[in-house]
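**Student:** Just entry-v6.txt, nothing more (compact mmCIF, C-alpha atoms):
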# COMPACT_ATOMS: atom_id res chain seq x y z
CA MET A 1292 41.63 41.07 62.23
CA LYS A 1293 38.39 43.04 62.10
CA LEU A 1294 35.27 42.93 64.23
CA VAL A 1295 32.19 45.10 64.04
CA VAL A 1296 31.53 46.07 67.66
CA ASN A 1297 28.33 47.94 68.45
CA GLY A 1298 28.14 49.06 64.84
CA GLN A 1299 31.73 50.27 64.58
CA GLU A 1300 34.47 48.47 62.70
CA ARG A 1301 37.34 47.75 65.09
CA LEU A 1302 40.79 46.31 64.40
CA VAL A 1303 41.91 43.68 66.88
CA ALA A 1304 45.54 42.82 67.54
CA ALA A 1305 45.00 39.92 69.98
CA GLY A 1306 45.95 36.39 68.94
CA PRO A 1307 43.26 34.07 67.54
CA LEU A 1308 42.86 32.00 70.72
CA THR A 1309 42.24 35.05 72.91
CA PRO A 1310 38.70 34.97 74.33
CA LEU A 1311 36.45 37.68 72.89
CA LEU A 1312 35.79 38.75 76.50
CA HIS A 1313 39.40 39.82 76.97
CA VAL A 1314 39.45 41.60 73.62
CA LEU A 1315 36.35 43.59 74.55
CA ARG A 1316 37.45 44.49 78.06
CA GLU A 1317 41.19 44.91 77.73
CA GLU A 1318 41.81 45.88 74.13
CA LEU A 1319 38.65 47.80 73.25
CA GLY A 1320 37.88 49.15 76.74
CA LEU A 1321 34.29 47.87 76.73
CA VAL A 1322 33.70 46.51 80.23
CA GLY A 1323 29.95 45.81 79.94
CA ALA A 1324 30.62 42.09 79.52
CA LYS A 1325 31.83 40.93 82.93
CA ALA A 1326 34.61 38.44 83.63
CA GLY A 1327 32.77 36.13 86.01
CA CYS A 1328 33.66 32.46 86.14
CA GLN A 1329 35.48 32.55 82.80
CA HIS A 1330 34.58 28.96 82.04
CA GLY A 1331 31.17 29.46 80.55
CA SER A 1332 29.03 28.67 83.58
CA CYS A 1333 27.79 32.00 84.93
CA GLY A 1334 26.52 33.87 81.86
CA THR A 1335 27.58 37.40 82.73
CA CYS A 1336 30.05 37.64 79.83
CA THR A 1337 27.26 36.95 77.33
CA VAL A 1338 27.25 39.18 74.26
CA LEU A 1339 25.44 38.93 70.94
CA ILE A 1340 27.51 37.57 68.06
CA ASP A 1341 25.65 38.18 64.81
CA GLY A 1342 22.52 38.56 66.93
CA GLU A 1343 22.90 35.27 68.84
CA PRO A 1344 23.70 35.22 72.57
CA ARG A 1345 27.12 33.63 73.14
CA ARG A 1346 29.64 33.38 75.95
CA SER A 1347 32.42 35.82 75.12
CA CYS A 1348 34.71 34.00 77.59
CA LEU A 1349 34.42 30.81 75.51
CA THR A 1350 34.69 32.38 72.07
CA PRO A 1351 38.18 32.48 70.57
CA VAL A 1352 38.28 35.75 68.70
CA GLY A 1353 39.96 34.09 65.70
CA ALA A 1354 36.81 32.07 65.08
CA ILE A 1355 34.57 35.10 64.55
CA GLU A 1356 36.54 37.33 62.19
CA GLY A 1357 34.27 39.99 60.70
CA ALA A 1358 31.37 39.16 63.02
CA SER A 1359 29.02 41.77 64.42
CA ILE A 1360 29.21 42.01 68.23
CA THR A 1361 26.66 43.70 70.46
CA THR A 1362 27.58 44.46 74.08
CA ALA A 1363 25.50 45.98 76.87
CA GLU A 1364 27.00 49.38 76.05
CA ALA A 1365 24.92 49.44 72.85
CA LEU A 1366 21.57 48.84 74.54
CA GLY A 1367 20.85 52.26 75.97
CA ASP A 1368 22.05 54.89 78.42
CA PRO A 1369 20.56 56.27 81.66
CA ALA A 1370 18.59 58.92 79.81
CA ASN A 1371 17.38 56.56 77.13
CA LEU A 1372 17.03 53.01 78.38
CA SER A 1373 16.16 50.15 76.05
CA VAL A 1374 12.82 48.44 76.65
CA VAL A 1375 14.52 45.55 78.47
CA GLN A 1376 16.68 47.86 80.57
CA ALA A 1377 13.65 49.95 81.53
CA ALA A 1378 11.74 46.81 82.50
CA PHE A 1379 14.66 45.58 84.65
CA ASP A 1380 14.68 48.94 86.39
CA GLU A 1381 10.92 49.04 86.87
CA HIS A 1382 10.81 45.50 88.31
CA TYR A 1383 13.89 45.79 90.54
CA ALA A 1384 15.48 42.98 88.52
CA ALA A 1385 19.04 44.00 89.37
CA GLN A 1386 20.67 44.14 92.76
CA CYS A 1387 24.46 44.15 92.59
CA GLY A 1388 24.17 44.22 88.80
CA PHE A 1389 27.05 41.89 87.99
CA CYS A 1390 24.89 39.41 86.09
CA THR A 1391 22.76 42.11 84.49
CA PRO A 1392 24.68 42.73 81.23
CA GLY A 1393 24.42 39.06 80.25
CA MET A 1394 20.79 38.87 81.32
CA LEU A 1395 19.90 42.01 79.35
CA LEU A 1396 21.52 40.75 76.15
CA ALA A 1397 20.05 37.24 76.45
CA ALA A 1398 16.61 38.76 77.08
CA THR A 1399 16.98 41.24 74.23
CA ALA A 1400 17.91 38.43 71.83
CA LEU A 1401 15.04 36.27 73.08
CA ILE A 1402 12.47 39.00 72.47
CA GLU A 1403 14.01 39.73 69.09
CA ARG A 1404 13.86 36.04 68.15
CA LYS A 1405 10.42 35.11 69.48
CA GLY A 1406 8.57 38.39 69.58
CA GLY A 1407 6.12 38.91 72.41
CA PRO A 1408 4.42 38.47 74.66
CA LEU A 1409 6.52 35.70 76.17
CA GLU A 1410 5.47 33.02 78.65
CA ARG A 1411 7.43 32.70 81.89
CA ASP A 1412 8.61 29.18 80.90
CA GLU A 1413 10.17 30.52 77.71
CA VAL A 1414 12.06 33.15 79.67
CA VAL A 1415 13.27 30.65 82.27
CA GLU A 1416 14.48 28.32 79.51
CA ALA A 1417 16.30 31.09 77.63
CA LEU A 1418 17.94 32.51 80.77
CA GLY A 1419 18.83 29.08 82.16
CA GLY A 1420 22.54 29.72 81.65
CA HIS A 1421 22.62 32.95 83.66
CA TYR A 1422 23.36 33.03 87.39
CA CYS A 1423 22.12 35.74 89.71
CA ARG A 1424 23.50 35.49 93.26
CA CYS A 1425 21.47 38.39 94.73
CA THR A 1426 17.84 38.76 93.79
CA GLY A 1427 16.77 35.32 92.75
CA TYR A 1428 15.02 35.02 89.46
CA VAL A 1429 11.38 36.00 89.99
CA LYS A 1430 11.90 39.71 89.42
CA ILE A 1431 14.19 39.07 86.47
CA VAL A 1432 11.57 36.88 84.80
CA ASP A 1433 8.90 39.48 85.65
CA ALA A 1434 10.99 42.12 83.91
CA VAL A 1435 11.60 40.09 80.74
CA VAL A 1436 7.94 39.13 80.47
CA ALA A 1437 6.98 42.80 80.90
CA ALA A 1438 9.52 43.88 78.28
CA SER A 1439 8.15 41.28 75.86
CA ARG A 1440 4.74 42.96 76.28
CA GLY A 1441 6.30 46.31 75.49
CA GLU A 1442 5.77 47.57 79.03
CA THR A 1443 8.65 49.97 79.43
CA GLY A 1444 7.70 51.23 82.86
CA THR A 1445 7.01 54.71 84.14
CA ARG A 1446 9.43 55.03 87.03
CA ALA A 1447 12.42 57.34 86.62
CA PRO A 1448 15.59 55.36 85.94
CA SER A 1449 17.20 54.34 89.24
CA THR A 1450 20.70 54.88 87.89
CA LEU A 1451 19.99 58.60 88.10
CA GLU A 1452 18.82 58.29 91.70
CA ILE A 1453 22.01 56.46 92.65
CA ARG A 1454 24.07 59.15 91.00
CA ALA A 1455 22.19 61.82 92.97
CA VAL A 1456 22.81 60.05 96.28
CA GLY A 1457 26.51 59.72 95.52
CA SER A 1458 27.01 63.36 94.57
CA MET B 64 48.70 34.38 76.88
CA THR B 65 49.25 31.50 74.54
CA THR B 66 52.08 31.23 72.06
CA ALA B 67 50.44 28.39 70.15
CA GLU B 68 50.94 28.04 66.45
CA VAL B 69 47.37 28.37 65.16
CA THR B 70 46.13 26.84 61.92
CA VAL B 71 42.71 27.36 60.34
CA PRO B 72 41.89 24.66 57.77
CA THR B 73 39.29 25.53 55.15
CA SER B 74 38.25 21.99 54.19
CA PRO B 75 37.77 18.64 55.97
CA GLY B 76 40.73 17.23 54.02
CA GLU B 77 42.99 20.06 55.12
CA ALA B 78 41.82 19.62 58.71
CA ALA B 79 42.71 15.92 58.58
CA GLU B 80 46.12 16.69 57.07
CA LEU B 81 46.95 19.35 59.66
CA PHE B 82 45.79 17.07 62.48
CA GLY B 83 48.15 14.30 61.34
CA ASP B 84 48.67 11.82 64.17
CA GLY B 85 47.24 14.38 66.60
CA VAL B 86 50.30 14.46 68.83
CA ALA B 87 50.66 17.94 70.41
CA VAL B 88 47.60 19.16 68.49
CA THR B 89 44.83 20.98 70.39
CA VAL B 90 41.59 20.97 68.43
CA VAL B 91 39.36 24.03 68.90
CA GLY B 92 35.79 23.40 67.79
CA GLY B 93 33.17 25.50 69.57
CA GLY B 94 35.74 26.60 72.15
CA THR B 95 33.67 25.62 75.17
CA ILE B 96 36.22 23.09 76.44
CA VAL B 97 39.57 24.42 75.25
CA VAL B 98 39.23 28.19 75.74
CA PRO B 99 38.64 28.11 79.53
CA LEU B 100 41.54 25.68 79.98
CA VAL B 101 43.81 28.11 78.14
CA THR B 102 42.40 31.10 80.05
CA HIS B 103 43.04 29.45 83.41
CA GLY B 104 46.52 28.26 82.47
CA GLN B 105 45.59 24.58 82.56
CA LEU B 106 46.42 23.99 78.90
CA HIS B 107 49.25 25.43 76.84
CA PRO B 108 48.56 24.49 73.24
CA VAL B 109 51.58 23.93 70.99
CA HIS B 110 49.63 23.54 67.76
CA ALA B 111 46.01 24.74 67.83
CA LEU B 112 43.75 23.56 65.03
CA MET B 113 40.71 25.83 64.76
CA LEU B 114 37.79 24.16 63.00
CA HIS B 115 35.35 27.06 62.51
CA ALA B 116 36.07 27.30 58.75
CA SER B 117 36.80 23.59 58.16
CA GLY B 118 33.48 22.69 56.54
CA LEU B 119 33.00 19.89 59.08
CA ASP B 120 29.51 21.23 59.87
CA GLU B 121 27.70 19.34 57.13
CA VAL B 122 24.50 17.41 57.78
CA VAL B 123 23.31 14.76 55.32
CA ASP B 124 19.86 13.38 56.08
CA GLY B 125 18.96 10.22 54.18
CA ASP B 126 18.60 6.56 55.20
CA THR B 127 21.60 7.39 57.34
CA LEU B 128 21.82 10.70 59.20
CA THR B 129 25.38 12.04 58.96
CA VAL B 130 26.24 14.85 61.35
CA GLY B 131 29.54 16.71 60.94
CA ALA B 132 31.85 17.16 63.92
CA THR B 133 31.35 20.91 64.27
CA VAL B 134 27.56 20.82 64.12
CA THR B 135 26.35 22.55 67.29
CA LEU B 136 24.18 20.96 69.95
CA ALA B 137 21.46 23.51 69.11
CA ARG B 138 21.32 22.33 65.50
CA LEU B 139 21.57 18.68 66.53
CA ALA B 140 18.55 19.12 68.83
CA GLU B 141 16.54 20.20 65.78
CA ILE B 142 17.55 17.44 63.37
CA ALA B 143 18.26 14.37 65.49
CA PRO B 144 15.82 11.63 66.50
CA GLU B 145 15.23 10.74 70.15
CA PRO B 146 17.04 9.96 72.38
CA LEU B 147 19.73 12.16 70.80
CA ALA B 148 17.62 15.31 70.41
CA SER B 149 16.82 15.49 74.13
CA ALA B 150 20.42 14.70 75.07
CA ALA B 151 21.53 17.66 72.95
CA ARG B 152 19.10 19.98 74.72
CA ILE B 153 21.48 20.72 77.59
CA PRO B 154 20.00 23.38 79.87
CA ASP B 155 21.97 26.35 78.62
CA LEU B 156 20.95 28.04 75.42
CA GLU B 157 24.27 29.78 74.77
CA ILE B 158 26.35 26.64 75.25
CA ARG B 159 24.00 24.69 72.96
CA GLY B 160 24.72 27.27 70.27
CA GLN B 161 28.45 26.87 70.67
CA GLY B 162 29.30 23.34 71.84
CA THR B 163 29.83 20.79 69.08
CA VAL B 164 29.24 17.09 68.49
CA GLY B 165 32.98 16.44 68.18
CA GLY B 166 33.84 18.12 71.46
CA ASN B 167 31.07 16.27 73.25
CA LEU B 168 32.73 12.96 72.30
CA HIS B 169 35.98 14.06 73.92
CA THR B 170 34.57 14.75 77.39
CA GLY B 171 31.94 13.15 79.60
CA GLY B 172 29.47 14.66 77.15
CA ASP B 173 25.74 14.17 77.45
CA LEU B 174 25.35 12.95 73.86
CA GLN B 175 27.33 9.78 74.45
CA PRO B 176 24.69 7.38 75.84
CA ALA B 177 22.27 8.47 73.11
CA LEU B 178 24.83 7.80 70.38
CA ILE B 179 25.61 4.33 71.82
CA ALA B 180 21.92 3.42 72.16
CA LEU B 181 21.33 4.47 68.55
CA GLY B 182 24.23 2.34 67.32
CA ALA B 183 25.89 5.47 65.92
CA ARG B 184 29.29 5.23 64.25
CA VAL B 185 32.08 7.76 64.61
CA ARG B 186 34.22 8.64 61.58
CA SER B 187 37.61 9.98 62.61
CA VAL B 188 41.19 10.48 61.46
CA GLY B 189 44.47 10.14 63.31
CA ALA B 190 47.39 7.72 63.36
CA GLY B 191 46.67 5.02 60.75
CA GLY B 192 44.39 7.32 58.78
CA GLU B 193 40.61 7.48 58.57
CA ARG B 194 38.36 4.90 60.19
CA ILE B 195 34.77 4.41 61.16
CA GLU B 196 33.78 2.51 64.31
CA PRO B 197 30.90 2.14 66.76
CA ALA B 198 30.59 5.12 69.12
CA GLU B 199 31.25 2.82 72.06
CA ASP B 200 34.59 1.69 70.61
CA PHE B 201 35.57 5.26 69.77
CA LEU B 202 34.83 6.39 73.32
CA ALA B 203 36.88 3.55 74.81
CA GLY B 204 39.94 4.56 72.77
CA ASP B 205 42.62 6.80 74.20
CA GLU B 206 44.73 7.86 71.20
CA PRO B 207 44.25 11.33 69.69
CA ARG B 208 41.57 11.26 66.98
CA LEU B 209 39.94 14.09 65.05
CA VAL B 210 36.22 13.43 64.77
CA LEU B 211 34.91 14.07 61.24
CA ALA B 212 31.27 13.01 61.66
CA VAL B 213 28.84 10.70 63.38
CA GLU B 214 26.46 8.50 61.41
CA LEU B 215 23.24 6.91 62.61
CA GLU B 216 19.91 5.54 61.51
CA ARG B 217 16.62 6.78 62.92
CA PRO B 218 15.26 4.28 65.48
CA LEU B 219 11.65 3.16 65.85
CA ALA B 220 11.47 5.06 69.15
CA GLY B 221 13.79 6.55 71.73
CA VAL B 222 13.78 8.07 75.21
CA TYR B 223 16.44 10.09 77.05
CA LEU B 224 16.27 10.76 80.79
CA GLU B 225 18.77 12.35 83.09
CA GLN B 226 19.37 13.27 86.69
CA ARG B 227 20.77 16.76 86.81
CA ARG B 228 21.75 18.99 89.70
CA THR B 229 19.31 21.87 89.89
CA HIS B 230 20.57 25.06 88.30
CA SER B 231 23.92 23.53 87.56
CA ARG B 232 25.96 23.82 84.39
CA THR B 233 27.81 20.56 84.85
CA TYR B 234 27.28 17.44 82.83
CA ALA B 235 24.32 15.34 83.93
CA VAL B 236 24.86 13.41 87.17
CA LEU B 237 23.35 10.36 85.48
CA SER B 238 21.88 9.93 82.03
CA VAL B 239 20.03 7.09 80.36
CA ALA B 240 19.31 6.63 76.67
CA VAL B 241 17.12 3.85 75.31
CA ALA B 242 16.25 3.20 71.68
CA ARG B 243 14.05 0.60 70.01
CA ARG B 244 15.74 -0.45 66.81
CA ASP B 245 14.91 -3.18 64.30
CA ASP B 246 16.95 -5.71 66.28
CA GLY B 247 15.57 -4.86 69.72
CA VAL B 248 15.89 -2.38 72.55
CA HIS B 249 19.29 -0.82 73.19
CA VAL B 250 20.31 0.84 76.45
CA ALA B 251 23.28 3.01 77.40
CA VAL B 252 24.11 5.13 80.44
CA GLY B 253 26.39 8.07 81.14
CA GLY B 254 27.52 10.15 84.09
CA LEU B 255 29.11 7.28 85.99
CA ALA B 256 32.11 9.27 87.16
CA GLU B 257 33.94 12.50 86.50
CA ARG B 258 35.15 12.51 82.89
CA ALA B 259 34.03 8.91 82.39
CA HIS B 260 32.54 8.08 79.01
CA ALA B 261 29.14 6.45 78.57
CA VAL B 262 28.75 2.67 78.27
CA ALA B 263 26.29 0.22 76.74
CA CYS B 264 24.22 -1.99 79.03
CA PRO B 265 24.21 -5.49 77.50
CA SER B 266 22.83 -7.11 80.67
CA VAL B 267 19.71 -4.94 80.49
CA GLU B 268 19.34 -5.61 76.77
CA ARG B 269 19.61 -9.38 77.30
CA ALA B 270 17.03 -9.28 80.09
CA LEU B 271 14.61 -7.36 77.86
CA ALA B 272 15.17 -9.76 74.96
CA GLY B 273 14.39 -12.59 77.40
CA GLY B 274 11.03 -11.04 78.22
CA ALA B 275 11.81 -9.35 81.54
CA THR B 276 9.67 -6.43 82.68
CA ALA B 277 11.14 -2.93 82.44
CA ARG B 278 11.74 -2.85 86.19
CA ASP B 279 13.43 -6.26 86.36
CA ALA B 280 15.56 -5.58 83.28
CA ALA B 281 16.60 -2.20 84.69
CA ALA B 282 17.87 -3.85 87.88
CA ALA B 283 20.46 -5.65 85.73
CA VAL B 284 22.12 -2.33 84.90
CA LEU B 285 24.33 -2.61 87.97
CA ALA B 286 26.13 -5.52 86.29
CA ASP B 287 27.13 -3.22 83.40
CA VAL B 288 28.49 -0.21 85.25
CA ALA B 289 31.13 0.74 87.80
CA PRO B 290 29.97 4.08 89.25
CA GLU B 291 32.46 6.15 91.20
CA ASP B 292 32.40 8.93 93.77
CA ASP B 293 33.00 12.36 92.29
CA PRO B 294 32.05 15.94 93.22
CA LEU B 295 28.62 15.56 91.62
CA ALA B 296 27.43 12.41 93.37
CA SER B 297 28.58 9.37 95.27
CA ALA B 298 28.85 5.88 93.81
CA TRP B 299 26.24 4.80 96.39
CA TYR B 300 23.79 7.41 95.08
CA ARG B 301 24.44 6.44 91.49
CA ARG B 302 23.82 2.75 92.20
CA ARG B 303 20.56 3.60 93.95
CA VAL B 304 19.22 5.98 91.29
CA LEU B 305 20.42 4.42 88.06
CA PRO B 306 18.07 1.37 88.05
CA VAL B 307 15.14 3.72 88.73
CA LEU B 308 16.08 5.99 85.82
CA VAL B 309 16.60 3.03 83.47
CA ALA B 310 13.22 1.57 84.47
CA ARG B 311 11.49 4.90 83.84
CA ALA B 312 13.13 5.24 80.45
CA LEU B 313 12.10 1.71 79.47
CA GLU B 314 8.53 2.29 80.67
CA GLN B 315 8.31 5.49 78.63
CA LEU B 316 9.65 3.61 75.63
CA GLU B 317 6.90 1.01 76.14
CA GLU B 318 4.28 3.78 76.24
CA SER B 319 5.57 5.20 72.96
CA ARG B 320 4.54 2.05 71.09
Take the structure in this file and express it as structure tokens.

**Tutor:**
Amino acid sequence: MKLVVNGQERLVAAGPLTPLLHVLREELGLVGAKAGCQHGSCGTCTVLIDGEPRRSCLTPVGAIEGASITTAEALGDPANLSVVQAAFDEHYAAQCGFCTPGMLLAATALIERKGGPLERDEVVEALGGHYCRCTGYVKIVDAVVAASRGETGTRAPSTLEIRAVGS
Amino acid sequence: MTTAEVTVPTSPGEAAELFGDGVAVTVVGGGTIVVPLVTHGQLHPVHALMLHASGLDEVVDGDTLTVGATVTLARLAEIAPEPLASAARIPDLEIRGQGTVGGNLHTGGDLQPALIALGARVRSVGAGGERIEPAEDFLAGDEPRLVLAVELERPLAGVYLEQRRTHSRTYAVLSVAVARRDDGVHVAVGGLAERAHAVACPSVERALAGGATARDAAAAVLADVAPEDDPLASAWYRRRVLPVLVARALEQLEESR
């Protein structure tokens, strides 16, 4: 069967009941969506399916033949962060980063759907299915609200700093 | 990895035919229940019936509101009257967009008390063919049935309240649905035990019909339920909180006059 993943048509060999999460990570080598709880509770496997945030761990790939999938890999890269990524960086909205891919995609879809600027309540409601076990949620909500105002931040991306420390 | 034989019906009739008597058939609607069970090796489907192309997602809104089995909770929240709309608004946007009405009837789903309070009927197929029955009777059954649709009439007013663990993705610890219909006020409660289905509360309804206050009528709820201990809450807690929730729901219903 076919899927359109991050704009590219991909052929998938997995059986129809295989969760999209496993297809992305194991067959297509896209590990942005994380395998957290794998029963739909934690949110980190969230991807966009035809623009809507969905749990890839709950989605049997056979049910979405031909659909357009967006994973965190498509959002931006260290040199060219998306608005939401830049806001997460600016507001220290990620700590260990495990929940971040799902948060980024849910936030991106929310801003796409509602436009901006968003109220904090709207962000809390839309991210209600996403667990963070490190930072708490204040900085994450700060970041999404800022992104909805188009505030992309001015600080250099921290991913580059981490790379420099590790080298 | 599953070795299930997978079928994908493209019409409600074909879905019913492939379901047959439902023995050894695993129905996959939104996937929120079945997929994790398969992933974690707790379910090994023999025949999997995937409903995403079955056309069971129809909504017909007239004197009777008919909601197809694969209509999502997100869509239901937009089209349903209270108390059903609030019951469908479970606190997780992604799951709302994926979970279906049919699946919710096969678990301890949050829609159940609302459907009972509204006097909704469930249309299903299985052994003996198609039938339509009150939601309460459907929920009490234990044979395999494929839900086709639920049917209900809009009430005069409705209120849904629940007790939920903070930042938790489980079903509600306790839920209460009340609806004022032409023949009086109807009350149902859910969340009485792990995987237990919701039940109607005839003792509360009788007390209300007899002129009892909301608080006195709500106290009668303990005659209608048998709460149990489970990982979410103890039976003791449920017995203490349930009358309070029922009273609040009835008072809010009064205020909506």

**Student:** Quick one: which residues from chain A are at most 9 Å off chain B, using all atoms listed in the file, as a PyMOL selection string?

**Tutor:** chain A and resi 1306-1310+1329-1334+1337+1343-1346+1348-1351+1353-1355+1397+1416-1422

**Student:** Neighbours of range 174-181 of chain B within 7 Å (only C-alpha atoms; same-chain residues fewer than 3 positions away dropped), as a list in words?

**Tutor:**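 Selected residues are Pro146, Leu147, Ala150, Ala151, Asn167, Leu168, Ala198, Glu199, Leu215, Pro218, Val239, Ala240, Val241, Ala242, His249, Val250, Ala251, Val252, Gly253, Ala261, Val262 and Ala263 of chain B.
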
**Student:** Record the distance separating CA of Ala281 in chain B and CA of Ala312 in chain B, expressed in Å with one decimal.

**Tutor:**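 For CA of Ala281 in chain B relative to CA of Ala312 in chain B, the distance reads 9.2 Å.
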
**Student:** Would you list the residues near (30.2, 4.3, 66.5) (no more than 9 Å away, in the coordinates of the file, using only C-alpha atoms) as number ranges by chain?

**Tutor:** B: 178-179, 182-186, 195-202, 213-215

**Student:** Pick out the closest residue to Leu1366 in chain A from this set: A:Gly1427, A:Gly1298, A:Gly1388, A:Gly1327. Count all atoms listed in the file.

**Tutor:**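 When distances to Leu1366 in chain A are compared using all atoms listed in the file, the smallest one comes from A:Gly1298.
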
**Student:** Which protein, DNA or RNA residues are at most 12 Å from (11.9, -9.9, 71.9) in the file's coordinates when you count only C-alpha atoms, listed as an NGL selection string?

**Tutor:** :B and (243-249 or 268-276)

**Student:** For range 126-129 of chain B, what centre and edge lengths in Å (one decimal) does the axis-aligned box get once 6 Å is added on each side of all its listed atoms, as AutoDock Vina command-line options?

**Tutor:**
--center_x 22.0 --center_y 9.3 --center_z 57.2 --size_x 18.8 --size_y 17.5 --size_z 16.0

**Student:** So how many Å separate CA of Leu119 in chain B and CA of Ser187 in chain B, to one decimal?

**Tutor:**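 Going from CA of Leu119 in chain B over to CA of Ser187 in chain B covers 11.5 Å.
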
**Student:** CA of Gly76 in chain B and CA of Val109 in chain B, how far apart in Å?

**Tutor:**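 Result for CA of Val109 in chain B versus CA of Gly76 in chain B: 21.2 Å, one decimal.
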
**Student:** What's around Leu316 in chain B at 7 Å? Count all atoms listed in the file, leave out sequence neighbours fewer than 5 positions away in its own chain, and write the answer as a count of residues only.

**Tutor:** 3

**Student:** Can you tell me, as number ranges by chain, what residues are no more than 7 Å from range 1322-1324 of chain A when counting all atoms listed in the file, ignoring any on the same chain fewer than 6 positions away?

**Tutor:** A: 1312, 1315-1316, 1335-1338, 1362-1364, 1392-1393

**Student:** Give me the residues within 9 Å of Ala148 in chain B as a list in words, counting all atoms listed in the file and dropping any in the same chain fewer than 6 places off.

**Tutor:** Leu136, Leu139, Ala140, Glu141, Ile142, Leu174, Ala177 and Tyr223 of chain B

**Student:** Determine, counting all atoms listed in the file, which protein, DNA and RNA residues have an atom within 9 Å of an atom of Glu1356 in chain A; residues of the same chain fewer than 4 positions away are not included. Present the result as a list in words.

**Tutor:**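 Answer for this query is Met1292, Lys1293, Leu1294 and Val1352 of chain A.
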
**Student:** Which of these residues is nearest to Asp287 in chain B, using all atoms listed in the file: B:Ala235, B:Arg301, B:Cys264, B:Val86?

**Tutor:**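 Nearest candidate to Asp287 in chain B out of B:Ala235, B:Arg301, B:Cys264, B:Val86: B:Cys264.
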